[in-house]
Amino acid sequence: MSFTADRLLLFGATGDLSQRMLLPSLCALDADELLDPDLRIIGTARSDLDDASFRNLAREALEKYLPAERRGGMANFLNRLSYQQLDATTLDGFSDLAAKVGEPNQGLAIFLSTAPSLFEPTIKGLQHAGLDGDHVRMCLEKPLGVDLASSCEINDAVAQAFPEDRIFRIDHYLGKETVQNLLALRFANILFEPIWNSNYIDHVQVTVAETVGLEGRVAFYDDAGALRDMVQNHMLQLVAMLAMEPPTSFDATAVRDEKVKVLRAMRKVTATETVTGQYRAGAISGEAVPGYDEELGKDSDTETFTAIKGHIDNWRWKGVPFYLRTGKRLPERVTEIVVQFRCVPHSIFAGMGATMEPNRLVIGIQPEENITLNLTAKVPGLGQDGIRLRPVPLNIAMPDAFVGQHRRIAYERLLLDLIEGDQTLFVRRDEVEAQWQWVDSIREIWNSTDQKPKTYTAGTWGPSAAIALAERDGVSWHE
């Protein structure tokens with residue numbers, strides 16, 4: 001059922017995600033006049049607040065996390081907000097919550113940002129209060145389980161109240177401009193699609209590097225690790241969008257059908273195709289930082305780094321390795337995709353002392369959003385040594401290419417799509433399950449071979465085995 005919601009209910013409204021991302025995103029949308037004037041936003045959490053104190057909390061969050069130039073009309077946005085205290089573990093408060101929400105004219109969108117253990121009681125409470133009808137859609141924030149079995153339990157619980165066409169599973173990477181530009185780059189330019197295959201592409205690299213350590217996520221991260229925290233969701237979504245076949249249209253069903261085909265085609269990796277690591281004390285940007293065991297306060301076998309060599313077994317990508325790596329306490333914060341093309345089949349410059357490098361496409365996602373294509377060109381000048389060649393980068397820096405456009409928070413796009421009911425940039429259940437199947441197979445290998453994380457010094461690019469993983473194939477990580 002298609003509708004634009006005129007009520008938005010935020011669970012976990014006083015939490016860190018709400019203050020850093022959700023409330024600033026909604027305020028920015030309001031400042032750009034992208035929210036319907038009748039939209040009301042109701043926050044709920046365990047905190048004992050009233051409407052006025054919740055608005056004060058929101059104001060402080062906006063002043064801290066949203067640039068001043070994007071806070072236009074903040075008073076108007078704050079007037080949209082109200083609050084209802086709720087303990088989701090009991091049914092008692094859900095009737096009061098329903099009264100606070102009121103009867104929407106068009107429909108209700110619910111954003112569920114709570115611990116996974118609260119998903120099932122929250123769904124039962126919503127059903128109890130009548131907040132699960134055809135005019136209600138549900139948005140789920142990760143983590144959606146710790147493996148395939150627990151993910152299925154969560155999805156089954158949500159499916160008792162909401163059909164798939166009213167469930168919106170967030171992966172906030174899909175809200176990033178450069179990630180969405182992957183689709184435009186591939187399918188709006190005839191230049192790339194004819195060569196986007198194993199005939200012309202040698203390998204692909206996906207890197208998600210962080211300089212931070214645990215940063216207050218001690219309990220969650222030690223239970224999750226790098227594989228579950230980053231690879232299972234963000235990185236596999238990047239791979240799916242990069243490798244998918246052209247969909248028939250920019251439609252939620254068509255796009256997600258093609259993504260899930262990629263995820264199901266991913267070959268199970270072997271023990272020699274994965275590396276795990278855990279950082280020890282070192283230095284980041286010249287400042288000393290403790291090791292993972294010191295931050296945690298105990299010994300642990302949780303990986304803070306993983307590198308994987310993956311393959312997609314279909315015609316387009318047969319034989320093309322996909323190198324994935326992610327980790328904490330690495331030298332720089334960067335998320336990027338590198339598409340390395342093959343060398344020219346025959347160089348007419350070979351006997352002239354000219355050196356050539358294959359073309360390379362680098363798609364920067366964060367902290368800078370840009371696209372760089374390396375081409376080979378002649379160095380200007382005359383000489384008796386023949387033609388000199390060197391790589392020349394063609395840069396498309398997103399802020400420069402689109403002057404006057406705000407750099408948006410990823411959640412802005414996703415919250416607006418939730419309100420309006422567009423599922424294209426949200427993850428479908430079969431995608432989630434295909435991702436978990438691949439990740440679970442890696443963890444099974446680690447367990448069966450008793451693979452323990454290798455140590456690496458904070459401020460380096462992970463254990464040396466990760467470098468060797470690529471160099472065995474004559475590949476160097478892009479740094």
# chains A, B, ... in the order shown; residues from 1 in each chain; ligands from 1

$ select_by_dssp --residues "region 170-239 of chain A" --states "helix (DSSP H, G or I)" --output "PyMOL selection string"
chain A and resi 172-175+177-187+193-195+218-239

$ residues_around --residues "region 292-309 of chain A" --least-positions-apart "3" --cutoff "8 Å" --atoms "only C-alpha atoms" --output "VMD selection string"
chain A and resid 213 to 214 218 222 to 227 269 273 to 281 321 to 328 452 to 453 462 466 469 to 470

$ closest_residue --among "A:Gln423, A:Gln127, A:Gln85, A:Thr457" --to "Asp50 (chain A)" --atoms "only C-alpha atoms"
A:Gln85

$ closest_residue --among "A:Ala149, A:Ile195, A:Leu140, A:Ile445" --to "Glu433 (chain A)" --atoms "only C-alpha atoms"
A:Ala149

$ closest_residue --among "A:Asn105, A:Lys268, A:Ser285, A:Thr178" --to "Ala5 (chain A)" --atoms "only C-alpha atoms"
A:Asn105

$ atom_distance --atom1 "CA of Met21 (chain A)" --atom2 "CA of Gly130 (chain A)"
28.5 Å

$ closest_residue --among "A:Leu236, A:Leu91, A:Val146, A:Ala283" --to "Glu120 (chain A)" --atoms "only C-alpha atoms"
A:Leu91

$ residues_around --residues "Pro143 (chain A)" --least-positions-apart "6" --cutoff "9 Å" --atoms "only C-alpha atoms" --output "PDB file with N, CA, C and O atoms, in the first residue's frame"
ATOM      1  N   ALA A 115      17.973  -2.579  20.890  1.00  0.00           N
ATOM      2  CA  ALA A 115      18.718  -3.832  20.929  1.00  0.00           C
ATOM      3  C   ALA A 115      17.883  -4.927  20.263  1.00  0.00           C
ATOM      4  O   ALA A 115      16.652  -4.947  20.403  1.00  0.00           O
ATOM      5  N   PRO A 116      18.520  -5.838  19.509  1.00  0.00           N
ATOM      6  CA  PRO A 116      17.764  -6.905  18.841  1.00  0.00           C
ATOM      7  C   PRO A 116      16.890  -7.709  19.786  1.00  0.00           C
ATOM      8  O   PRO A 116      15.839  -8.223  19.385  1.00  0.00           O
ATOM      9  N   SER A 151      19.120 -14.096  12.754  1.00  0.00           N
ATOM     10  CA  SER A 151      18.521 -13.144  11.814  1.00  0.00           C
ATOM     11  C   SER A 151      17.144 -13.617  11.373  1.00  0.00           C
ATOM     12  O   SER A 151      16.199 -12.822  11.283  1.00  0.00           O
ATOM     13  N   ARG A 228      31.300  -9.437  11.260  1.00  0.00           N
ATOM     14  CA  ARG A 228      29.870  -9.186  11.428  1.00  0.00           C
ATOM     15  C   ARG A 228      29.537  -7.701  11.388  1.00  0.00           C
ATOM     16  O   ARG A 228      28.471  -7.311  10.899  1.00  0.00           O
ATOM     17  N   ASP A 229      30.438  -6.879  11.916  1.00  0.00           N
ATOM     18  CA  ASP A 229      30.154  -5.454  12.037  1.00  0.00           C
ATOM     19  C   ASP A 229      30.197  -4.738  10.692  1.00  0.00           C
ATOM     20  O   ASP A 229      29.406  -3.832  10.446  1.00  0.00           O
TER      21      ASP A 229
END

$ closest_residue --among "A:Ala434, A:Met241, A:Leu263, A:Val255" --to "Asn314 (chain A)" --atoms "only C-alpha atoms"
A:Leu263

$ residues_around --residues "Gln19 (chain A)" --least-positions-apart "5" --cutoff "7 Å" --atoms "only C-alpha atoms" --output "list in words"
Thr14, Ala58 and Ala61 of chain A

$ write_last_selection --atoms "all heavy atoms" --output "mmCIF file, in the first residue's frame"
data_model
loop_
_atom_site.group_PDB
_atom_site.id
_atom_site.type_symbol
_atom_site.label_atom_id
_atom_site.label_comp_id
_atom_site.auth_asym_id
_atom_site.auth_seq_id
_atom_site.Cartn_x
_atom_site.Cartn_y
_atom_site.Cartn_z
ATOM 1 N N THR A 14 16.198 8.781 22.397
ATOM 2 C CA THR A 14 17.181 9.524 23.200
ATOM 3 C C THR A 14 18.589 8.957 23.052
ATOM 4 O O THR A 14 19.523 9.452 23.680
ATOM 5 C CB THR A 14 16.782 9.494 24.690
ATOM 6 O OG1 THR A 14 16.780 8.125 25.152
ATOM 7 C CG2 THR A 14 15.411 10.103 24.903
ATOM 8 N N ALA A 58 16.757 17.426 21.848
ATOM 9 C CA ALA A 58 16.921 17.494 20.395
ATOM 10 C C ALA A 58 17.668 18.759 19.991
ATOM 11 O O ALA A 58 18.544 18.723 19.116
ATOM 12 C CB ALA A 58 15.555 17.445 19.716
ATOM 13 N N ALA A 61 21.316 18.324 20.571
ATOM 14 C CA ALA A 61 21.888 17.417 19.575
ATOM 15 C C ALA A 61 22.085 18.125 18.235
ATOM 16 O O ALA A 61 23.121 17.956 17.576
ATOM 17 C CB ALA A 61 20.991 16.194 19.405
#

$ closest_residue --among "A:Gly102, A:Pro393, A:Gly216, A:Gly15" --to "Ile41 (chain A)" --atoms "only C-alpha atoms"
A:Gly102

$ residues_around --residues "Asp38 (chain A)" --least-positions-apart "2" --cutoff "8 Å" --atoms "only C-alpha atoms" --output "PyMOL selection string"
chain A and resi 6+36+40

$ residues_around --residues "region 156-161 of chain A" --least-positions-apart "6" --cutoff "9 Å" --atoms "only C-alpha atoms" --output "PyMOL selection string"
chain A and resi 119-120+123-124+126-127+132-133+138+167

$ write_last_selection --atoms "C-alpha atoms" --output "JSON list (two decimals), in the first residue's frame"
[["chain", "number", "residue", "atom", "x", "y", "z"],
["A", 119, "PHE", "CA", 12.50, -6.49, 18.58],
["A", 120, "GLU", "CA", 10.04, -9.28, 19.37],
["A", 123, "ILE", "CA", 6.41, -5.97, 17.75],
["A", 124, "LYS", "CA", 3.98, -7.66, 20.18],
["A", 126, "LEU", "CA", 2.68, -2.59, 18.64],
["A", 127, "GLN", "CA", 0.21, -5.31, 17.73],
["A", 132, "ASP", "CA", 0.47, -2.61, 12.94],
["A", 133, "GLY", "CA", -2.27, -2.03, 10.37],
["A", 138, "MET", "CA", 8.41, -0.67, 9.88],
["A", 167, "ILE", "CA", 9.52, -3.66, 6.09]]

$ atom_distance --atom1 "CA of Ala45 (chain A)" --atom2 "CA of Ala88 (chain A)"
8.2 Å

$ select_by_dssp --residues "region 281-328 of chain A" --states "strand (DSSP E or B)" --output "list in words"
Gly282, Ala283, Ile284, Glu287, Ala288, Val289, Phe305, Thr306, Ala307, Ile308, Lys309, Gly310, Ile312, Phe322, Tyr323, Leu324, Arg325, Thr326 and Gly327 of chain A

$ write_last_selection --atoms "N, CA, C and O atoms" --output "PDB file, in the first residue's frame"
ATOM      1  N   GLY A 282      49.887   1.228  19.663  1.00  0.00           N
ATOM      2  CA  GLY A 282      50.655   1.872  18.605  1.00  0.00           C
ATOM      3  C   GLY A 282      50.367   3.355  18.590  1.00  0.00           C
ATOM      4  O   GLY A 282      50.073   3.947  19.642  1.00  0.00           O
ATOM      5  N   ALA A 283      50.413   3.957  17.431  1.00  0.00           N
ATOM      6  CA  ALA A 283      50.194   5.395  17.312  1.00  0.00           C
ATOM      7  C   ALA A 283      49.326   5.689  16.100  1.00  0.00           C
ATOM      8  O   ALA A 283      49.510   5.107  15.026  1.00  0.00           O
ATOM      9  N   ILE A 284      48.358   6.595  16.288  1.00  0.00           N
ATOM     10  CA  ILE A 284      47.494   7.071  15.210  1.00  0.00           C
ATOM     11  C   ILE A 284      47.686   8.586  15.121  1.00  0.00           C
ATOM     12  O   ILE A 284      47.469   9.295  16.107  1.00  0.00           O
ATOM     13  N   GLU A 287      49.697  10.124  17.897  1.00  0.00           N
ATOM     14  CA  GLU A 287      49.243   9.971  19.278  1.00  0.00           C
ATOM     15  C   GLU A 287      49.207   8.494  19.664  1.00  0.00           C
ATOM     16  O   GLU A 287      48.683   7.662  18.914  1.00  0.00           O
ATOM     17  N   ALA A 288      49.742   8.194  20.837  1.00  0.00           N
ATOM     18  CA  ALA A 288      49.761   6.812  21.316  1.00  0.00           C
ATOM     19  C   ALA A 288      48.351   6.327  21.617  1.00  0.00           C
ATOM     20  O   ALA A 288      47.531   7.068  22.181  1.00  0.00           O
ATOM     21  N   VAL A 289      48.042   5.100  21.227  1.00  0.00           N
ATOM     22  CA  VAL A 289      46.728   4.503  21.495  1.00  0.00           C
ATOM     23  C   VAL A 289      46.946   3.112  22.073  1.00  0.00           C
ATOM     24  O   VAL A 289      47.930   2.433  21.754  1.00  0.00           O
ATOM     25  N   PHE A 305      40.232  -6.820  12.574  1.00  0.00           N
ATOM     26  CA  PHE A 305      40.644  -6.661  11.176  1.00  0.00           C
ATOM     27  C   PHE A 305      40.355  -7.966  10.454  1.00  0.00           C
ATOM     28  O   PHE A 305      40.541  -9.060  11.015  1.00  0.00           O
ATOM     29  N   THR A 306      39.897  -7.865   9.220  1.00  0.00           N
ATOM     30  CA  THR A 306      39.800  -9.055   8.388  1.00  0.00           C
ATOM     31  C   THR A 306      40.039  -8.679   6.941  1.00  0.00           C
ATOM     32  O   THR A 306      39.648  -7.590   6.495  1.00  0.00           O
ATOM     33  N   ALA A 307      40.707  -9.550   6.226  1.00  0.00           N
ATOM     34  CA  ALA A 307      40.902  -9.419   4.790  1.00  0.00           C
ATOM     35  C   ALA A 307      40.436 -10.718   4.142  1.00  0.00           C
ATOM     36  O   ALA A 307      40.699 -11.809   4.664  1.00  0.00           O
ATOM     37  N   ILE A 308      39.721 -10.599   3.027  1.00  0.00           N
ATOM     38  CA  ILE A 308      39.106 -11.754   2.386  1.00  0.00           C
ATOM     39  C   ILE A 308      39.304 -11.655   0.878  1.00  0.00           C
ATOM     40  O   ILE A 308      39.165 -10.579   0.289  1.00  0.00           O
ATOM     41  N   LYS A 309      39.631 -12.776   0.279  1.00  0.00           N
ATOM     42  CA  LYS A 309      39.649 -12.870  -1.185  1.00  0.00           C
ATOM     43  C   LYS A 309      38.406 -13.637  -1.606  1.00  0.00           C
ATOM     44  O   LYS A 309      38.258 -14.826  -1.294  1.00  0.00           O
ATOM     45  N   GLY A 310      37.504 -12.954  -2.265  1.00  0.00           N
ATOM     46  CA  GLY A 310      36.238 -13.569  -2.648  1.00  0.00           C
ATOM     47  C   GLY A 310      36.099 -13.685  -4.153  1.00  0.00           C
ATOM     48  O   GLY A 310      36.820 -13.039  -4.922  1.00  0.00           O
ATOM     49  N   ILE A 312      32.923 -14.274  -7.349  1.00  0.00           N
ATOM     50  CA  ILE A 312      31.510 -14.349  -7.739  1.00  0.00           C
ATOM     51  C   ILE A 312      31.436 -15.301  -8.924  1.00  0.00           C
ATOM     52  O   ILE A 312      31.994 -15.026  -9.998  1.00  0.00           O
ATOM     53  N   PHE A 322      37.769 -10.530  -5.756  1.00  0.00           N
ATOM     54  CA  PHE A 322      37.317  -9.352  -5.018  1.00  0.00           C
ATOM     55  C   PHE A 322      38.034  -9.379  -3.666  1.00  0.00           C
ATOM     56  O   PHE A 322      37.788 -10.255  -2.840  1.00  0.00           O
ATOM     57  N   TYR A 323      38.936  -8.431  -3.459  1.00  0.00           N
ATOM     58  CA  TYR A 323      39.692  -8.356  -2.213  1.00  0.00           C
ATOM     59  C   TYR A 323      38.985  -7.381  -1.263  1.00  0.00           C
ATOM     60  O   TYR A 323      38.821  -6.201  -1.591  1.00  0.00           O
ATOM     61  N   LEU A 324      38.568  -7.880  -0.110  1.00  0.00           N
ATOM     62  CA  LEU A 324      37.873  -7.066   0.881  1.00  0.00           C
ATOM     63  C   LEU A 324      38.751  -6.948   2.122  1.00  0.00           C
ATOM     64  O   LEU A 324      39.334  -7.948   2.565  1.00  0.00           O
ATOM     65  N   ARG A 325      38.842  -5.764   2.680  1.00  0.00           N
ATOM     66  CA  ARG A 325      39.538  -5.621   3.967  1.00  0.00           C
ATOM     67  C   ARG A 325      38.874  -4.513   4.774  1.00  0.00           C
ATOM     68  O   ARG A 325      38.423  -3.494   4.237  1.00  0.00           O
ATOM     69  N   THR A 326      38.820  -4.732   6.061  1.00  0.00           N
ATOM     70  CA  THR A 326      38.270  -3.741   6.977  1.00  0.00           C
ATOM     71  C   THR A 326      38.944  -3.917   8.326  1.00  0.00           C
ATOM     72  O   THR A 326      39.334  -5.021   8.697  1.00  0.00           O
ATOM     73  N   GLY A 327      39.091  -2.830   9.052  1.00  0.00           N
ATOM     74  CA  GLY A 327      39.722  -2.930  10.355  1.00  0.00           C
ATOM     75  C   GLY A 327      39.673  -1.644  11.135  1.00  0.00           C
ATOM     76  O   GLY A 327      39.389  -0.565  10.585  1.00  0.00           O
TER      77      GLY A 327
END
